[in-house]
>>> print(open('start.pdb').read())   # PDB, C-alpha atoms
ATOM      1  CA  MET A   1       0.000   0.000   0.000
ATOM      2  CA  GLN A   2       1.418   3.352  -1.083
ATOM      3  CA  ILE A   3       0.809   6.054   1.535
ATOM      4  CA  GLY A   4       0.920   9.828   1.221
ATOM      5  CA  ILE A   5       0.856  12.605   3.790
ATOM      6  CA  ALA A   6      -0.210  16.167   3.040
ATOM      7  CA  GLY A   7       0.744  18.584   5.801
ATOM      8  CA  ILE A   8       4.157  18.152   7.386
ATOM      9  CA  GLY A   9       3.814  20.146  10.553
ATOM     10  CA  LYS A  10       4.847  18.714  13.905
ATOM     11  CA  MET A  11       2.220  15.977  13.870
ATOM     12  CA  GLY A  12       2.561  15.228  10.161
ATOM     13  CA  ALA A  13       6.305  14.857  10.571
ATOM     14  CA  ALA A  14       5.863  12.573  13.579
ATOM     15  CA  VAL A  15       3.296  10.355  11.836
ATOM     16  CA  GLY A  16       5.512  10.234   8.750
ATOM     17  CA  ALA A  17       8.520   9.217  10.826
ATOM     18  CA  ARG A  18       6.449   6.465  12.431
ATOM     19  CA  LEU A  19       5.364   5.083   9.070
ATOM     20  CA  LEU A  20       8.899   5.121   7.676
ATOM     21  CA  SER A  21      10.278   3.440  10.798
ATOM     22  CA  THR A  22       7.812   0.582  10.338
ATOM     23  CA  GLY A  23       8.821  -0.001   6.724
ATOM     24  CA  HIS A  24       6.024   1.770   4.881
ATOM     25  CA  SER A  25       6.493   3.510   1.548
ATOM     26  CA  LEU A  26       5.743   7.209   1.975
ATOM     27  CA  THR A  27       5.231  10.177  -0.344
ATOM     28  CA  VAL A  28       4.813  13.649   1.150
ATOM     29  CA  TRP A  29       3.712  17.143   0.219
ATOM     30  CA  ASN A  30       3.826  20.355   2.222
ATOM     31  CA  ARG A  31       3.497  24.020   1.320
ATOM     32  CA  SER A  32       7.029  24.497   2.628
ATOM     33  CA  ALA A  33       9.306  21.815   1.194
ATOM     34  CA  GLN A  34      11.926  22.533   3.841
ATOM     35  CA  ARG A  35       9.637  21.201   6.579
ATOM     36  CA  ALA A  36       9.569  17.836   4.823
ATOM     37  CA  GLN A  37      13.347  17.515   4.441
ATOM     38  CA  PRO A  38      13.905  15.233   7.470
ATOM     39  CA  LEU A  39      11.352  12.775   6.069
ATOM     40  CA  LEU A  40      12.910  12.978   2.625
ATOM     41  CA  ASP A  41      16.299  12.281   4.184
ATOM     42  CA  ALA A  42      14.755   9.237   5.877
ATOM     43  CA  GLY A  43      13.488   7.813   2.594
ATOM     44  CA  ALA A  44      10.215   9.546   1.753
ATOM     45  CA  THR A  45       9.418  10.719  -1.779
ATOM     46  CA  TRP A  46       8.417  14.303  -2.580
ATOM     47  CA  ALA A  47       5.256  15.218  -4.522
ATOM     48  CA  ASP A  48       5.133  18.577  -6.315
ATOM     49  CA  SER A  49       1.466  19.241  -5.511
ATOM     50  CA  PRO A  50      -1.449  17.772  -3.568
ATOM     51  CA  LYS A  51      -2.867  16.539  -6.883
ATOM     52  CA  ALA A  52       0.375  14.748  -7.736
ATOM     53  CA  LEU A  53       0.465  13.256  -4.249
ATOM     54  CA  ALA A  54      -3.060  11.856  -4.470
ATOM     55  CA  GLU A  55      -2.495  10.368  -7.916
ATOM     56  CA  SER A  56       0.701   8.583  -6.850
ATOM     57  CA  VAL A  57      -0.535   6.751  -3.733
ATOM     58  CA  ASP A  58      -3.385   4.549  -2.525
ATOM     59  CA  VAL A  59      -4.117   6.339   0.752
ATOM     60  CA  VAL A  60      -3.644  10.019   1.601
ATOM     61  CA  ILE A  61      -3.444  11.170   5.229
ATOM     62  CA  THR A  62      -3.954  14.877   5.843
ATOM     63  CA  LEU A  63      -2.873  16.717   8.979
ATOM     64  CA  LEU A  64      -3.625  20.378   8.397
ATOM     65  CA  THR A  65      -3.725  23.492  10.548
ATOM     66  CA  ASN A  66      -7.331  24.574  10.132
ATOM     67  CA  GLU A  67     -10.360  24.429   7.867
ATOM     68  CA  ALA A  68      -9.004  27.107   5.541
ATOM     69  CA  ALA A  69      -5.913  24.979   4.947
ATOM     70  CA  ILE A  70      -8.092  21.924   4.354
ATOM     71  CA  ASP A  71     -10.122  23.772   1.713
ATOM     72  CA  GLU A  72      -6.941  24.917   0.013
ATOM     73  CA  VAL A  73      -5.268  21.499  -0.023
ATOM     74  CA  TYR A  74      -8.317  19.461  -1.029
ATOM     75  CA  GLY A  75      -9.717  21.993  -3.509
ATOM     76  CA  GLY A  76      -8.514  23.927  -6.529
ATOM     77  CA  ASP A  77      -6.896  22.807  -9.785
ATOM     78  CA  SER A  78      -3.899  21.289  -7.982
ATOM     79  CA  GLY A  79      -5.805  20.012  -4.943
ATOM     80  CA  LEU A  80      -6.040  16.458  -3.663
ATOM     81  CA  LEU A  81      -9.403  15.861  -5.320
ATOM     82  CA  ALA A  82      -8.517  17.485  -8.654
ATOM     83  CA  GLY A  83      -6.928  14.510 -10.410
ATOM     84  CA  HIS A  84      -7.732  10.883 -11.106
ATOM     85  CA  VAL A  85      -8.543   9.713  -7.593
ATOM     86  CA  ALA A  86     -11.289   7.140  -8.108
ATOM     87  CA  ASN A  87     -11.018   4.411  -5.450
ATOM     88  CA  LYS A  88      -8.381   6.367  -3.501
ATOM     89  CA  ILE A  89      -8.868   6.687   0.265
ATOM     90  CA  PHE A  90      -8.428  10.015   2.042
ATOM     91  CA  ILE A  91      -8.064  10.130   5.824
ATOM     92  CA  ASP A  92      -8.135  13.519   7.539
ATOM     93  CA  MET A  93      -6.621  13.663  11.024
ATOM     94  CA  SER A  94      -7.074  17.388  11.579
ATOM     95  CA  THR A  95      -9.121  18.804  14.461
ATOM     96  CA  VAL A  96     -12.098  20.601  12.907
ATOM     97  CA  ARG A  97     -15.797  21.227  13.350
ATOM     98  CA  PRO A  98     -18.011  18.200  12.514
ATOM     99  CA  ALA A  99     -19.480  19.923   9.464
ATOM    100  CA  LYS A 100     -16.126  19.862   7.647
ATOM    101  CA  PRO A 101     -15.670  16.051   7.370
ATOM    102  CA  GLN A 102     -19.304  15.779   6.307
ATOM    103  CA  GLU A 103     -18.579  18.221   3.495
ATOM    104  CA  LEU A 104     -15.314  16.504   2.517
ATOM    105  CA  ALA A 105     -17.047  13.136   2.348
ATOM    106  CA  GLN A 106     -19.513  14.517  -0.196
ATOM    107  CA  ARG A 107     -16.730  16.078  -2.256
ATOM    108  CA  ALA A 108     -14.763  12.829  -2.261
ATOM    109  CA  GLN A 109     -17.824  10.811  -3.226
ATOM    110  CA  ALA A 110     -18.383  13.124  -6.196
ATOM    111  CA  VAL A 111     -15.032  12.008  -7.663
ATOM    112  CA  LYS A 112     -15.582   8.351  -6.669
ATOM    113  CA  ALA A 113     -13.059   8.465  -3.843
ATOM    114  CA  THR A 114     -13.496   7.447  -0.201
ATOM    115  CA  PHE A 115     -13.155   9.799   2.730
ATOM    116  CA  LEU A 116     -12.710   8.924   6.393
ATOM    117  CA  GLU A 117     -12.057  11.262   9.289
ATOM    118  CA  CYS A 118      -9.714  10.122  12.024
ATOM    119  CA  PRO A 119      -8.795  13.007  14.316
ATOM    120  CA  VAL A 120      -6.266  11.793  16.834
ATOM    121  CA  GLY A 121      -5.667  12.296  20.512
ATOM    122  CA  GLY A 122      -2.077  12.707  21.601
ATOM    123  CA  SER A 123       0.910  14.857  20.777
ATOM    124  CA  VAL A 124       4.214  14.490  18.945
ATOM    125  CA  GLY A 125       5.744  11.938  21.340
ATOM    126  CA  PRO A 126       2.897   9.404  21.116
ATOM    127  CA  ALA A 127       2.696   9.987  17.346
ATOM    128  CA  LYS A 128       6.317   8.921  16.894
ATOM    129  CA  GLU A 129       5.657   5.796  18.955
ATOM    130  CA  GLY A 130       2.370   4.838  17.297
ATOM    131  CA  LYS A 131       0.409   5.491  20.493
ATOM    132  CA  LEU A 132      -2.220   7.985  19.360
ATOM    133  CA  LEU A 133      -5.959   7.540  19.873
ATOM    134  CA  GLY A 134      -7.967   7.586  16.638
ATOM    135  CA  PHE A 135     -11.648   8.549  16.423
ATOM    136  CA  VAL A 136     -13.009   7.434  13.076
ATOM    137  CA  GLY A 137     -16.118   8.790  11.406
ATOM    138  CA  GLY A 138     -17.368   7.302   8.155
ATOM    139  CA  ASP A 139     -18.291   3.974   6.631
ATOM    140  CA  ALA A 140     -17.285   1.049   8.839
ATOM    141  CA  GLN A 141     -16.578  -1.166   5.821
ATOM    142  CA  GLU A 142     -14.197   1.415   4.373
ATOM    143  CA  LEU A 143     -12.430   1.584   7.731
ATOM    144  CA  LEU A 144     -11.619  -2.125   7.477
ATOM    145  CA  LYS A 145      -9.511  -1.391   4.375
ATOM    146  CA  VAL A 146      -7.167   0.901   6.326
ATOM    147  CA  LYS A 147      -7.505  -0.445   9.863
ATOM    148  CA  ALA A 148      -4.081  -2.114   9.730
ATOM    149  CA  LEU A 149      -2.522   1.192   8.658
ATOM    150  CA  LEU A 150      -4.235   3.143  11.424
ATOM    151  CA  ASP A 151      -3.112   0.516  13.940
ATOM    152  CA  VAL A 152       0.484   1.426  13.092
ATOM    153  CA  ILE A 153      -0.222   5.045  14.027
ATOM    154  CA  CYS A 154      -2.685   4.567  16.890
ATOM    155  CA  ARG A 155      -2.691   2.332  19.938
ATOM    156  CA  ARG A 156      -6.493   2.466  19.856
ATOM    157  CA  VAL A 157      -8.825   3.090  16.914
ATOM    158  CA  GLU A 158     -12.495   3.698  17.657
ATOM    159  CA  HIS A 159     -15.190   3.879  14.986
ATOM    160  CA  VAL A 160     -17.629   6.317  16.599
ATOM    161  CA  GLY A 161     -20.213   6.855  13.851
ATOM    162  CA  PRO A 162     -20.821   8.559  10.512
ATOM    163  CA  HIS A 163     -18.852  11.482   9.118
ATOM    164  CA  GLY A 164     -18.676  14.233  11.719
ATOM    165  CA  ALA A 165     -18.750  11.823  14.656
ATOM    166  CA  GLY A 166     -14.973  11.650  14.831
ATOM    167  CA  ALA A 167     -14.662  15.424  14.989
ATOM    168  CA  THR A 168     -17.350  15.567  17.657
ATOM    169  CA  MET A 169     -15.550  12.973  19.781
ATOM    170  CA  LYS A 170     -12.190  14.722  19.378
ATOM    171  CA  LEU A 171     -13.634  18.058  20.513
ATOM    172  CA  ALA A 172     -15.258  16.359  23.502
ATOM    173  CA  ILE A 173     -12.014  14.565  24.413
ATOM    174  CA  ASN A 174     -10.046  17.811  24.230
ATOM    175  CA  LEU A 175     -12.524  19.929  26.189
ATOM    176  CA  PRO A 176     -11.626  18.825  29.750
ATOM    177  CA  LEU A 177      -7.932  19.210  28.959
ATOM    178  CA  MET A 178      -8.392  22.740  27.599
ATOM    179  CA  VAL A 179     -10.314  23.792  30.690
ATOM    180  CA  TYR A 180      -7.771  22.056  32.933
ATOM    181  CA  TRP A 181      -4.995  24.382  31.779
ATOM    182  CA  GLN A 182      -6.992  27.272  33.225
ATOM    183  CA  THR A 183      -7.845  25.446  36.463
ATOM    184  CA  LEU A 184      -4.200  24.426  36.895
ATOM    185  CA  GLY A 185      -3.116  28.032  36.564
ATOM    186  CA  GLU A 186      -5.630  29.059  39.210
ATOM    187  CA  ALA A 187      -4.505  26.242  41.509
ATOM    188  CA  LEU A 188      -0.858  27.246  41.115
ATOM    189  CA  SER A 189      -1.748  30.820  42.015
ATOM    190  CA  LEU A 190      -2.989  29.592  45.404
ATOM    191  CA  VAL A 191       0.281  27.843  46.263
ATOM    192  CA  GLU A 192       2.574  30.462  44.696
ATOM    193  CA  PRO A 193       3.037  32.299  48.048
ATOM    194  CA  LEU A 194       4.515  29.112  49.526
ATOM    195  CA  GLY A 195       7.617  29.565  47.379
ATOM    196  CA  LEU A 196       7.963  25.873  46.576
ATOM    197  CA  ASP A 197      10.087  24.488  43.748
ATOM    198  CA  PRO A 198       7.847  24.205  40.622
ATOM    199  CA  LYS A 199       9.131  20.702  39.902
ATOM    200  CA  ARG A 200       8.076  19.577  43.360
ATOM    201  CA  VAL A 201       4.663  21.243  43.061
ATOM    202  CA  ILE A 202       3.892  19.631  39.702
ATOM    203  CA  ASP A 203       5.058  16.252  41.009
ATOM    204  CA  ILE A 204       2.636  16.576  43.925
ATOM    205  CA  PHE A 205      -0.238  17.602  41.651
ATOM    206  CA  ALA A 206       0.483  14.694  39.287
ATOM    207  CA  ASP A 207       0.303  12.212  42.163
ATOM    208  CA  THR A 208      -3.185  13.280  43.258
ATOM    209  CA  SER A 209      -6.592  12.035  42.153
ATOM    210  CA  GLY A 210      -7.139  15.368  40.417
ATOM    211  CA  GLY A 211      -3.983  15.129  38.319
ATOM    212  CA  PRO A 212      -4.703  14.138  34.690
ATOM    213  CA  ASN A 213      -2.397  11.967  32.641
ATOM    214  CA  MET A 214      -1.168  15.146  30.946
ATOM    215  CA  LEU A 215       0.736  16.095  34.109
ATOM    216  CA  LYS A 216       2.529  12.769  34.121
ATOM    217  CA  VAL A 217       3.517  13.146  30.469
ATOM    218  CA  ARG A 218       4.271  16.872  30.353
ATOM    219  CA  GLY A 219       4.992  17.637  33.980
ATOM    220  CA  GLY A 220       8.719  18.101  33.382
ATOM    221  CA  MET A 221       8.151  20.636  30.629
ATOM    222  CA  ILE A 222       5.563  22.478  32.726
ATOM    223  CA  ALA A 223       7.948  22.691  35.690
ATOM    224  CA  GLN A 224      10.768  23.900  33.448
ATOM    225  CA  THR A 225       8.561  26.601  31.954
ATOM    226  CA  LEU A 226       7.427  27.729  35.401
ATOM    227  CA  SER A 227      11.068  27.987  36.502
ATOM    228  CA  GLN A 228      12.391  29.759  33.410
ATOM    229  CA  HIS A 229       9.216  31.642  32.416
ATOM    230  CA  LYS A 230       9.729  30.623  28.801
ATOM    231  CA  SER A 231       9.542  27.482  26.693
ATOM    232  CA  ASP A 232      11.648  27.306  23.554
ATOM    233  CA  GLN A 233       9.910  24.069  22.605
ATOM    234  CA  VAL A 234       6.406  24.417  21.162
ATOM    235  CA  THR A 235       4.293  21.267  21.292
ATOM    236  CA  VAL A 236       0.819  22.841  21.163
ATOM    237  CA  ASN A 237       0.578  26.590  20.787
ATOM    238  CA  VAL A 238      -2.059  28.853  22.294
ATOM    239  CA  SER A 239      -3.454  29.671  18.851
ATOM    240  CA  THR A 240      -4.321  26.019  18.235
ATOM    241  CA  MET A 241      -5.965  25.741  21.632
ATOM    242  CA  ARG A 242      -8.084  28.815  20.970
ATOM    243  CA  LYS A 243      -9.110  27.453  17.577
ATOM    244  CA  ASP A 244     -10.191  24.131  19.083
ATOM    245  CA  MET A 245     -12.100  25.767  21.938
ATOM    246  CA  GLN A 246     -13.982  27.997  19.524
ATOM    247  CA  ALA A 247     -14.918  24.892  17.545
ATOM    248  CA  MET A 248     -16.218  23.341  20.787
ATOM    249  CA  LEU A 249     -18.368  26.389  21.465
ATOM    250  CA  ASP A 250     -19.627  26.434  17.869
ATOM    251  CA  GLN A 251     -20.624  22.778  18.111
ATOM    252  CA  GLY A 252     -22.302  23.374  21.456
ATOM    253  CA  GLN A 253     -24.322  26.195  19.951
ATOM    254  CA  ALA A 254     -25.230  24.066  16.917
ATOM    255  CA  THR A 255     -26.556  21.303  19.188
ATOM    256  CA  HIS A 256     -28.128  23.678  21.746
ATOM    257  CA  LYS A 257     -25.701  22.745  24.532
ATOM    258  CA  GLN A 258     -24.238  25.221  27.024
ATOM    259  CA  LEU A 259     -20.479  25.114  27.669
ATOM    260  CA  PRO A 260     -19.977  27.906  30.232
ATOM    261  CA  LEU A 261     -16.592  26.733  31.577
ATOM    262  CA  THR A 262     -15.190  26.423  28.076
ATOM    263  CA  ALA A 263     -16.370  29.918  27.223
ATOM    264  CA  LEU A 264     -14.759  31.394  30.336
ATOM    265  CA  ALA A 265     -11.475  29.548  29.775
ATOM    266  CA  LEU A 266     -11.378  30.749  26.172
ATOM    267  CA  GLN A 267     -11.761  34.350  27.355
ATOM    268  CA  GLN A 268      -8.621  33.976  29.446
ATOM    269  CA  PHE A 269      -6.684  32.318  26.625
ATOM    270  CA  GLU A 270      -7.664  35.151  24.302
ATOM    271  CA  SER A 271      -6.321  37.641  26.829
ATOM    272  CA  ALA A 272      -3.077  35.669  26.922
ATOM    273  CA  ALA A 273      -2.946  35.691  23.118
ATOM    274  CA  HIS A 274      -3.368  39.470  23.085
ATOM    275  CA  SER A 275      -0.363  39.625  25.405
ATOM    276  CA  GLY A 276       1.767  37.970  22.732
ATOM    277  CA  LEU A 277       1.445  34.281  23.626
ATOM    278  CA  ASP A 278      -0.511  33.057  20.597
ATOM    279  CA  ASP A 279       2.472  31.315  18.990
ATOM    280  CA  ARG A 280       3.973  30.162  22.280
ATOM    281  CA  ASP A 281       3.620  26.758  23.928
ATOM    282  CA  CYS A 282       0.539  26.182  26.045
ATOM    283  CA  THR A 283       2.696  25.761  29.173
ATOM    284  CA  GLU A 284       3.310  29.515  29.074
ATOM    285  CA  LEU A 285      -0.380  30.057  29.822
ATOM    286  CA  LEU A 286       0.445  29.097  33.398
ATOM    287  CA  VAL A 287       3.254  31.662  33.636
ATOM    288  CA  TRP A 288       1.010  34.322  32.128
ATOM    289  CA  TRP A 289      -1.779  33.565  34.599
ATOM    290  CA  LEU A 290       0.564  33.740  37.570
ATOM    291  CA  SER A 291       2.107  37.019  36.399
ATOM    292  CA  GLN A 292      -0.953  38.816  35.010
ATOM    293  CA  GLY A 293      -4.225  36.943  34.844
ATOM    294  CA  SER A 294      -4.547  36.028  38.520
ATOM    295  CA  ARG A 295      -4.093  39.563  39.805
ATOM    296  CA  ALA A 296      -7.301  40.828  41.369
TER     297      ALA A 296
END
>>> encode(input="start.pdb", output="structure tokens")
Amino acid sequence: MQIGIAGIGKMGAAVGARLLSTGHSLTVWNRSAQRAQPLLDAGATWADSPKALAESVDVVITLLTNEAAIDEVYGGDSGLLAGHVANKIFIDMSTVRPAKPQELAQRAQAVKATFLECPVGGSVGPAKEGKLLGFVGGDAQELLKVKALLDVICRRVEHVGPHGAGATMKLAINLPLMVYWQTLGEALSLVEPLGLDPKRVIDIFADTSGGPNMLKVRGGMIAQTLSQHKSDQVTVNVSTMRKDMQAMLDQGQATHKQLPLTALALQQFESAAHSGLDDRDCTELLVWWLSQGSRA
């Protein structure tokens, strides 16, 4: 099976590295060719356009920044769906509103291709190790054709319903984590006067019943950021978090559900973004809250 990836950001690069390390043939495309160079050095093949990528492989995985990027890469004269793609399978792993995979499925069907959504839970580390969580929306029979491929990328693949269901599940999975960043900042503000070492504080929090798995995985980076007030490494930036939270609120409104905590957390993240943190790692939200947001 020939596999292609469109979108070589942090996650695209990690998924690509995983596929190459397990012996898969890989072709890649990205708006910036330089971002794909490590994969090319590892044995991947370059495609000159999304159209060329789709025509040269059996399965295309897309990991794109937002819905505007998805429209650009899938559409247009040189887009993924522009060429001879009958019987090709497209799998989008981006985090978007549920309406987008529903739309993409219709566009793929119009050119006799198959579309599945599989937004994933997890960050760069789990992606490199094949330990993501995949939430698939689409035809269950079509999923069977690529289940072995997804099992290389994900430690758990769940078919959760028709197109749009995967996006809905991903937003729901991310929601408690997004809100937790705000609650953690508030909790740290209470113990800040104690003057304890940040590494020790995070270790204590991680060992409690209220400490999510995220603290166990990213606790070291959080403690380092709290100590140095800056993170040179960017795993998930504030801009991406704001985008996802707005999608959660949009979906809540579309289904007549209230998400008051999400709305309040997003307000704080927007304030942090206006302070210059939009492109910074999410761990800096905690530093910002301690230095500015928590002041009465």
>>> resolve_selection(input="start.pdb", expression="the PyMOL selection byres ((chain A and resi 105-115) around 9)", output="VMD selection string")
chain A and resid 81 to 92 100 to 104 116 to 117 138 to 139 142 163
>>> residues_around(input="start.pdb", residues="A:Gly185", least_positions_apart="4", cutoff="7 Å", atoms="all atoms listed in the file", output="list in words")
Trp181, Ser189, Leu286, Trp289 and Leu290 of chain A
>>> residues_around(input="start.pdb", residues="A:His229", least_positions_apart="5", cutoff="12 Å", atoms="only C-alpha atoms", output="PyMOL selection string")
chain A and resi 198+221-224+280-281+283-291
>>> closest_residue(input="start.pdb", among="A:Val96, A:Leu143, A:Leu149, A:Ile5", to="A:Asn174", atoms="only C-alpha atoms")
A:Val96
>>> atom_distance(input="start.pdb", atom1="atom CA of A:Met214", atom2="atom CA of A:Ile202")
11.1 Å
>>> closest_residue(input="start.pdb", among="A:Leu249, A:Ile173, A:Val236, A:Ala127", to="A:Gly12", atoms="only C-alpha atoms")
A:Ala127
>>> atom_distance(input="start.pdb", atom1="atom CA of A:Leu277", atom2="atom CA of A:Glu129")
29.2 Å
>>> atom_distance(input="start.pdb", atom1="atom CA of A:Ser78", atom2="atom CA of A:Ile61")
16.6 Å
>>> residues_around(input="start.pdb", residues="stretch 47-51 of chain A", least_positions_apart="5", cutoff="10 Å", atoms="only C-alpha atoms", output="compact mmCIF listing (two decimals) with C-alpha atoms, in the frame of the given file")
# COMPACT_ATOMS: atom_id res chain seq x y z
CA GLY A 4 0.92 9.83 1.22
CA ILE A 5 0.86 12.60 3.79
CA ALA A 6 -0.21 16.17 3.04
CA GLY A 7 0.74 18.58 5.80
CA THR A 27 5.23 10.18 -0.34
CA VAL A 28 4.81 13.65 1.15
CA TRP A 29 3.71 17.14 0.22
CA ASN A 30 3.83 20.36 2.22
CA ARG A 31 3.50 24.02 1.32
CA ALA A 33 9.31 21.82 1.19
CA SER A 56 0.70 8.58 -6.85
CA VAL A 60 -3.64 10.02 1.60
CA GLU A 72 -6.94 24.92 0.01
CA VAL A 73 -5.27 21.50 -0.02
CA TYR A 74 -8.32 19.46 -1.03
CA GLY A 75 -9.72 21.99 -3.51
CA GLY A 76 -8.51 23.93 -6.53
CA ASP A 77 -6.90 22.81 -9.78
CA SER A 78 -3.90 21.29 -7.98
CA GLY A 79 -5.80 20.01 -4.94
CA LEU A 80 -6.04 16.46 -3.66
CA LEU A 81 -9.40 15.86 -5.32
CA ALA A 82 -8.52 17.48 -8.65
CA GLY A 83 -6.93 14.51 -10.41
CA HIS A 84 -7.73 10.88 -11.11
CA VAL A 85 -8.54 9.71 -7.59
>>> resolve_selection(input="start.pdb", expression="the PyMOL selection byres ((chain A and resi 122) around 12)", output="PyMOL selection string")
chain A and resi 10-11+14-15+93+95+119-121+123-135+153-156+170+173-174+177+213-214+217-218+235-236
>>> write_last_selection(input="start.pdb", atoms="C-alpha atoms", output="mmCIF file, in the frame of the given file")
data_model
loop_
_atom_site.group_PDB
_atom_site.id
_atom_site.type_symbol
_atom_site.label_atom_id
_atom_site.label_comp_id
_atom_site.auth_asym_id
_atom_site.auth_seq_id
_atom_site.Cartn_x
_atom_site.Cartn_y
_atom_site.Cartn_z
ATOM 1 C CA LYS A 10 4.847 18.714 13.905
ATOM 2 C CA MET A 11 2.220 15.977 13.870
ATOM 3 C CA ALA A 14 5.863 12.573 13.579
ATOM 4 C CA VAL A 15 3.296 10.355 11.836
ATOM 5 C CA MET A 93 -6.621 13.663 11.024
ATOM 6 C CA THR A 95 -9.121 18.804 14.461
ATOM 7 C CA PRO A 119 -8.795 13.007 14.316
ATOM 8 C CA VAL A 120 -6.266 11.793 16.834
ATOM 9 C CA GLY A 121 -5.667 12.296 20.512
ATOM 10 C CA SER A 123 0.910 14.857 20.777
ATOM 11 C CA VAL A 124 4.214 14.490 18.945
ATOM 12 C CA GLY A 125 5.744 11.938 21.340
ATOM 13 C CA PRO A 126 2.897 9.404 21.116
ATOM 14 C CA ALA A 127 2.696 9.987 17.346
ATOM 15 C CA LYS A 128 6.317 8.921 16.894
ATOM 16 C CA GLU A 129 5.657 5.796 18.955
ATOM 17 C CA GLY A 130 2.370 4.838 17.297
ATOM 18 C CA LYS A 131 0.409 5.491 20.493
ATOM 19 C CA LEU A 132 -2.220 7.985 19.360
ATOM 20 C CA LEU A 133 -5.959 7.540 19.873
ATOM 21 C CA GLY A 134 -7.967 7.586 16.638
ATOM 22 C CA PHE A 135 -11.648 8.549 16.423
ATOM 23 C CA ILE A 153 -0.222 5.045 14.027
ATOM 24 C CA CYS A 154 -2.685 4.567 16.890
ATOM 25 C CA ARG A 155 -2.691 2.332 19.938
ATOM 26 C CA ARG A 156 -6.493 2.466 19.856
ATOM 27 C CA LYS A 170 -12.190 14.722 19.378
ATOM 28 C CA ILE A 173 -12.014 14.565 24.413
ATOM 29 C CA ASN A 174 -10.046 17.811 24.230
ATOM 30 C CA LEU A 177 -7.932 19.210 28.959
ATOM 31 C CA ASN A 213 -2.397 11.967 32.641
ATOM 32 C CA MET A 214 -1.168 15.146 30.946
ATOM 33 C CA VAL A 217 3.517 13.146 30.469
ATOM 34 C CA ARG A 218 4.271 16.872 30.353
ATOM 35 C CA THR A 235 4.293 21.267 21.292
ATOM 36 C CA VAL A 236 0.819 22.841 21.163
#
>>> closest_residue(input="start.pdb", among="A:Asp279, A:Glu67, A:Asp203, A:Asp197", to="A:Asp232", atoms="all atoms listed in the file")
A:Asp279
>>> resolve_selection(input="start.pdb", expression="the PyMOL selection byres ((chain A and resi 66) around 10)", output="ChimeraX atom specification")
/A:63-65,67-71,94-97,240,243-244
>>> residues_near_point(input="start.pdb", point="(-14.5, 31.1, 23.4)", cutoff="10 Å", atoms="all atoms listed in the file", output="list of chain:residue names")
A:Arg242, A:Lys243, A:Asp244, A:Met245, A:Gln246, A:Ala247, A:Met248, A:Leu249, A:Asp250, A:Leu259, A:Pro260, A:Leu261, A:Thr262, A:Ala263, A:Leu264, A:Ala265, A:Leu266, A:Gln267, A:Gln268, A:Phe269, A:Glu270
>>> closest_residue(input="start.pdb", among="A:Lys230, A:Ala54, A:Gly16, A:Thr22", to="A:Pro38", atoms="only C-alpha atoms")
A:Gly16
>>> residues_near_point(input="start.pdb", point="(-1.3, 21.2, 40.7)", cutoff="10 Å", atoms="only C-alpha atoms", output="list in words")
Thr183, Leu184, Gly185, Glu186, Ala187, Leu188, Ser189, Leu190, Val191, Pro198, Arg200, Val201, Ile202, Asp203, Ile204, Phe205, Ala206, Asp207, Thr208, Gly210, Gly211, Pro212, Leu215 and Gly219 of chain A
>>> write_last_selection(input="start.pdb", atoms="C-alpha atoms", output="PDB file, in the coordinates of the input")
ATOM      1  CA  THR A 183      -7.845  25.446  36.463  1.00  0.00           C
ATOM      2  CA  LEU A 184      -4.200  24.426  36.895  1.00  0.00           C
ATOM      3  CA  GLY A 185      -3.116  28.032  36.564  1.00  0.00           C
ATOM      4  CA  GLU A 186      -5.630  29.059  39.210  1.00  0.00           C
ATOM      5  CA  ALA A 187      -4.505  26.242  41.509  1.00  0.00           C
ATOM      6  CA  LEU A 188      -0.858  27.246  41.115  1.00  0.00           C
ATOM      7  CA  SER A 189      -1.748  30.820  42.015  1.00  0.00           C
ATOM      8  CA  LEU A 190      -2.989  29.592  45.404  1.00  0.00           C
ATOM      9  CA  VAL A 191       0.281  27.843  46.263  1.00  0.00           C
ATOM     10  CA  PRO A 198       7.847  24.205  40.622  1.00  0.00           C
ATOM     11  CA  ARG A 200       8.076  19.577  43.360  1.00  0.00           C
ATOM     12  CA  VAL A 201       4.663  21.243  43.061  1.00  0.00           C
ATOM     13  CA  ILE A 202       3.892  19.631  39.702  1.00  0.00           C
ATOM     14  CA  ASP A 203       5.058  16.252  41.009  1.00  0.00           C
ATOM     15  CA  ILE A 204       2.636  16.576  43.925  1.00  0.00           C
ATOM     16  CA  PHE A 205      -0.238  17.602  41.651  1.00  0.00           C
ATOM     17  CA  ALA A 206       0.483  14.694  39.287  1.00  0.00           C
ATOM     18  CA  ASP A 207       0.303  12.212  42.163  1.00  0.00           C
ATOM     19  CA  THR A 208      -3.185  13.280  43.258  1.00  0.00           C
ATOM     20  CA  GLY A 210      -7.139  15.368  40.417  1.00  0.00           C
ATOM     21  CA  GLY A 211      -3.983  15.129  38.319  1.00  0.00           C
ATOM     22  CA  PRO A 212      -4.703  14.138  34.690  1.00  0.00           C
ATOM     23  CA  LEU A 215       0.736  16.095  34.109  1.00  0.00           C
ATOM     24  CA  GLY A 219       4.992  17.637  33.980  1.00  0.00           C
TER      25      GLY A 219
END
>>> residues_around(input="start.pdb", residues="A:Ala140", least_positions_apart="3", cutoff="9 Å", atoms="only C-alpha atoms", output="ChimeraX atom specification")
/A:136-137,143-144,159,161-162
>>> closest_residue(input="start.pdb", among="A:Gln182, A:Gln228, A:Gln141, A:Gln233", to="A:Lys199", atoms="all atoms listed in the file")
A:Gln228
>>> closest_residue(input="start.pdb", among="A:Gly166, A:Gln37, A:Cys282, A:Ser209", to="A:Leu226", atoms="only C-alpha atoms")
A:Cys282
